[in-house]
Amino acid sequence: MSVIDWQSFPPRMKRVIHLALGQTTYARAYALQHELHRMRCQGEIGDILITVEHDPVFTIGRSGSRANIRVSEQERQRAGIPVYEIERGGDITYHGPGQLVCYPIIDLRDYGRDIKRYIASLEQAMINLCANWEVSADRRAGYPGVWVGERKIASIGVSVRHWVTQHGLAFNVDVSKEHFAMINPCGLPIEMVSLVDLVSAPIPMENVTQRLLDHMAVIFGWDIVAENPNKYWRRIDD
Amino acid sequence: MERRDDNCLHLPDLGEVDEVVIVEWLKGEGAAFAAGDDLVEVETEKTTFIVDAPAAGRIEHILRKAGEKARVGDRLAELSS
């Protein structure tokens, strides 16, 4: 008699919906995140993740402050970069074109209820992503995110309510140094770096996005299925 | 979400997290709450986490104030039902 339980072999992958939003304003993507979080909490949808490039924006987490904006209010307004104070952890960061942002909205009760492990998993996906371009990246104890030497290539900021995550990761592919220089990222006097600074070949955003999703699928045990975001946009645009 | 026999709100098990910082109490002393209501926001590892109410009750006394640190299982507030 066979000892293999063929009903559970191969191991079942968790189906996760991926919405590729393209480039959009922070406000619009933020409203969509909130709606998806509400839907996930109420069991109307399963785990879902967004990828997006934001129009230039500064966001400040719950332990941050506007004191880490290094330019005057006039200069910031002249640059046309709005500021949002939001519920994620961490201090200030910049999002803009050329940066891959990913917001997993998942129920951590299905992943061992372990916040540290969740953050480490996001970091690992981005460390593996760097390795695809032969860039050696690592963690830094006490400073969540992904680092290449002394420079930071990716940031993390998350909020969890009813064990369902919101916000997530931001990976610099080819992002404005001038805009980052207007703040102390994460409240620290650190230098940010983009993947293009470390690699000589062109780097299409679509390739980076696909590689990131591939790594996340392996790490989290996901079968990621792309879905058209229009039906979700309609929920907030109507 | 955790409540034990001592009628206190405890910091729930968040995994391998060492300690958290209390960011903000979302209900004050004397406030009544329903099961599932947001009670207190904590932060660790660049992550904020909302501790919600295990059952309906009232906050009698806050034991860890905003800015203070707490570990998993620590008593955060005394409750009454």
# chains A, B, ... in the order shown; residues from 1 in each chain; ligands from 1

$ closest_atom_pairs --of "chain A" --to "chain B" --cutoff "8 Å" --atoms "only C-alpha atoms" --output "JSON lines"
{"residue": "A:Arg62", "atom": "CA", "partner": "B:Val23", "partner_atom": "CA", "distance": 7.5}
{"residue": "A:Ser63", "atom": "CA", "partner": "B:Val23", "partner_atom": "CA", "distance": 7.8}
{"residue": "A:Glu87", "atom": "CA", "partner": "B:Thr48", "partner_atom": "CA", "distance": 7.2}
{"residue": "A:Arg88", "atom": "CA", "partner": "B:Thr48", "partner_atom": "CA", "distance": 5.8}
{"residue": "A:Gly89", "atom": "CA", "partner": "B:Thr47", "partner_atom": "CA", "distance": 4.3}
{"residue": "A:Gly90", "atom": "CA", "partner": "B:Lys46", "partner_atom": "CA", "distance": 4.6}
{"residue": "A:Gly112", "atom": "CA", "partner": "B:Gly15", "partner_atom": "CA", "distance": 7.6}
{"residue": "A:Arg113", "atom": "CA", "partner": "B:Leu14", "partner_atom": "CA", "distance": 6.0}
{"residue": "A:Asp114", "atom": "CA", "partner": "B:Gly15", "partner_atom": "CA", "distance": 3.9}
{"residue": "A:Ile115", "atom": "CA", "partner": "B:Leu14", "partner_atom": "CA", "distance": 5.9}
{"residue": "A:Lys116", "atom": "CA", "partner": "B:Val17", "partner_atom": "CA", "distance": 5.8}
{"residue": "A:Arg117", "atom": "CA", "partner": "B:Glu16", "partner_atom": "CA", "distance": 7.4}
{"residue": "A:Ile119", "atom": "CA", "partner": "B:Glu45", "partner_atom": "CA", "distance": 7.4}
{"residue": "A:Gly142", "atom": "CA", "partner": "B:Glu45", "partner_atom": "CA", "distance": 7.8}
{"residue": "A:Tyr143", "atom": "CA", "partner": "B:Glu45", "partner_atom": "CA", "distance": 7.9}
{"residue": "A:Pro144", "atom": "CA", "partner": "B:Glu45", "partner_atom": "CA", "distance": 6.4}
{"residue": "A:Ile156", "atom": "CA", "partner": "B:Lys46", "partner_atom": "CA", "distance": 6.8}
{"residue": "A:Gly157", "atom": "CA", "partner": "B:Lys46", "partner_atom": "CA", "distance": 5.2}
{"residue": "A:Val158", "atom": "CA", "partner": "B:Thr47", "partner_atom": "CA", "distance": 4.6}
{"residue": "A:Ser159", "atom": "CA", "partner": "B:Thr48", "partner_atom": "CA", "distance": 4.6}
{"residue": "A:Val160", "atom": "CA", "partner": "B:Phe49", "partner_atom": "CA", "distance": 4.7}
{"residue": "A:Arg161", "atom": "CA", "partner": "B:Ile50", "partner_atom": "CA", "distance": 5.2}
{"residue": "A:His162", "atom": "CA", "partner": "B:Ile50", "partner_atom": "CA", "distance": 7.2}
{"residue": "A:Trp163", "atom": "CA", "partner": "B:Phe49", "partner_atom": "CA", "distance": 7.9}

$ write_last_selection --atoms "C-alpha atoms" --output "CSV table (one decimal), in the first residue's frame"
chain,number,residue,atom,x,y,z
A,62,ARG,CA,3.7,56.5,12.6
A,63,SER,CA,7.1,57.1,14.2
A,87,GLU,CA,-0.6,54.3,9.4
A,88,ARG,CA,2.4,52.2,8.5
A,89,GLY,CA,5.5,51.8,10.7
A,90,GLY,CA,8.7,53.7,10.2
A,112,GLY,CA,2.3,31.8,11.4
A,113,ARG,CA,1.3,35.2,13.0
A,114,ASP,CA,4.9,36.2,12.9
A,115,ILE,CA,5.7,39.9,12.1
A,116,LYS,CA,9.4,39.5,12.2
A,117,ARG,CA,9.2,36.5,9.8
A,119,ILE,CA,9.4,41.4,7.3
A,142,GLY,CA,18.0,47.0,13.7
A,143,TYR,CA,17.4,48.7,10.3
A,144,PRO,CA,14.7,46.8,8.3
A,156,ILE,CA,9.9,48.4,4.2
A,157,GLY,CA,6.9,49.9,6.1
A,158,VAL,CA,3.9,47.8,7.1
A,159,SER,CA,0.7,48.1,9.1
A,160,VAL,CA,-1.3,45.2,10.4
A,161,ARG,CA,-4.9,45.4,11.6
A,162,HIS,CA,-7.0,42.3,12.4
A,163,TRP,CA,-3.8,40.5,11.3

$ residues_around --residues "Leu11 in chain B" --least-positions-apart "2" --cutoff "10 Å" --atoms "only C-alpha atoms" --output "PDB file with C-alpha atoms, in the first residue's frame"
ATOM      1  CA  MET B   1      -5.858  40.025  20.827  1.00  0.00           C
ATOM      2  CA  GLU B   2      -5.259  38.370  24.135  1.00  0.00           C
ATOM      3  CA  ARG B   3      -6.952  38.301  27.476  1.00  0.00           C
ATOM      4  CA  CYS B   8      -5.924  42.420  31.677  1.00  0.00           C
ATOM      5  CA  LEU B   9      -5.158  43.151  28.052  1.00  0.00           C
ATOM      6  CA  ASP B  13       2.207  36.791  20.526  1.00  0.00           C
ATOM      7  CA  LEU B  14       3.561  38.529  17.405  1.00  0.00           C
ATOM      8  CA  GLU B  19       9.670  44.147  21.991  1.00  0.00           C
ATOM      9  CA  VAL B  20       7.284  46.797  20.744  1.00  0.00           C
ATOM     10  CA  VAL B  40      -3.967  50.199  21.116  1.00  0.00           C
ATOM     11  CA  VAL B  42       2.072  49.278  18.811  1.00  0.00           C
ATOM     12  CA  VAL B  51      -4.297  45.207  19.265  1.00  0.00           C
ATOM     13  CA  ALA B  70       6.431  46.109  26.032  1.00  0.00           C
ATOM     14  CA  ARG B  71       7.200  42.468  25.383  1.00  0.00           C
ATOM     15  CA  VAL B  72       4.937  39.659  24.266  1.00  0.00           C
ATOM     16  CA  GLY B  73       2.600  38.695  27.126  1.00  0.00           C
ATOM     17  CA  ASP B  74       3.105  41.936  29.053  1.00  0.00           C
ATOM     18  CA  ARG B  75       0.024  43.480  30.648  1.00  0.00           C
ATOM     19  CA  LEU B  76      -0.972  46.608  28.741  1.00  0.00           C
ATOM     20  CA  ALA B  77      -4.175  47.581  30.563  1.00  0.00           C
TER      21      ALA B  77
END

$ residues_around --residues "Arg234 in chain A" --least-positions-apart "3" --cutoff "12 Å" --atoms "only C-alpha atoms" --output "ChimeraX atom specification"
/A:28,31-32,35,228-231,237-238

$ residues_around --residues "Ile81 in chain A" --least-positions-apart "4" --cutoff "10 Å" --atoms "only C-alpha atoms" --output "JSON list (two decimals) with C-alpha atoms, in the first residue's frame"
[["chain", "number", "residue", "atom", "x", "y", "z"],
["A", 55, "ASP", "CA", 3.72, 59.79, -8.78],
["A", 56, "PRO", "CA", 6.30, 61.62, -6.61],
["A", 57, "VAL", "CA", 5.18, 61.63, -2.96],
["A", 58, "PHE", "CA", 6.57, 61.70, 0.57],
["A", 75, "GLU", "CA", 10.62, 74.29, -2.11],
["A", 76, "ARG", "CA", 8.62, 71.12, -1.55],
["A", 77, "GLN", "CA", 5.51, 72.67, -3.05],
["A", 94, "TYR", "CA", 9.91, 58.93, -0.93],
["A", 95, "HIS", "CA", 8.02, 57.12, -3.68],
["A", 96, "GLY", "CA", 8.22, 58.04, -7.34],
["A", 179, "HIS", "CA", 13.79, 63.87, -4.62]]

$ select_by_dssp --residues "chain B" --states "strand (DSSP E)" --output "PyMOL selection string"
chain B and resi 8-10+20-25+32-33+38-44+47-52+57-62+69-70+75-80

$ residues_around --residues "range 122-127 of chain A" --least-positions-apart "2" --cutoff "12 Å" --atoms "only C-alpha atoms" --output "number ranges by chain"
A: 100-104, 115-120, 129-140, 143-148, 152-158, 167-173, 195, 208-220; B: 45
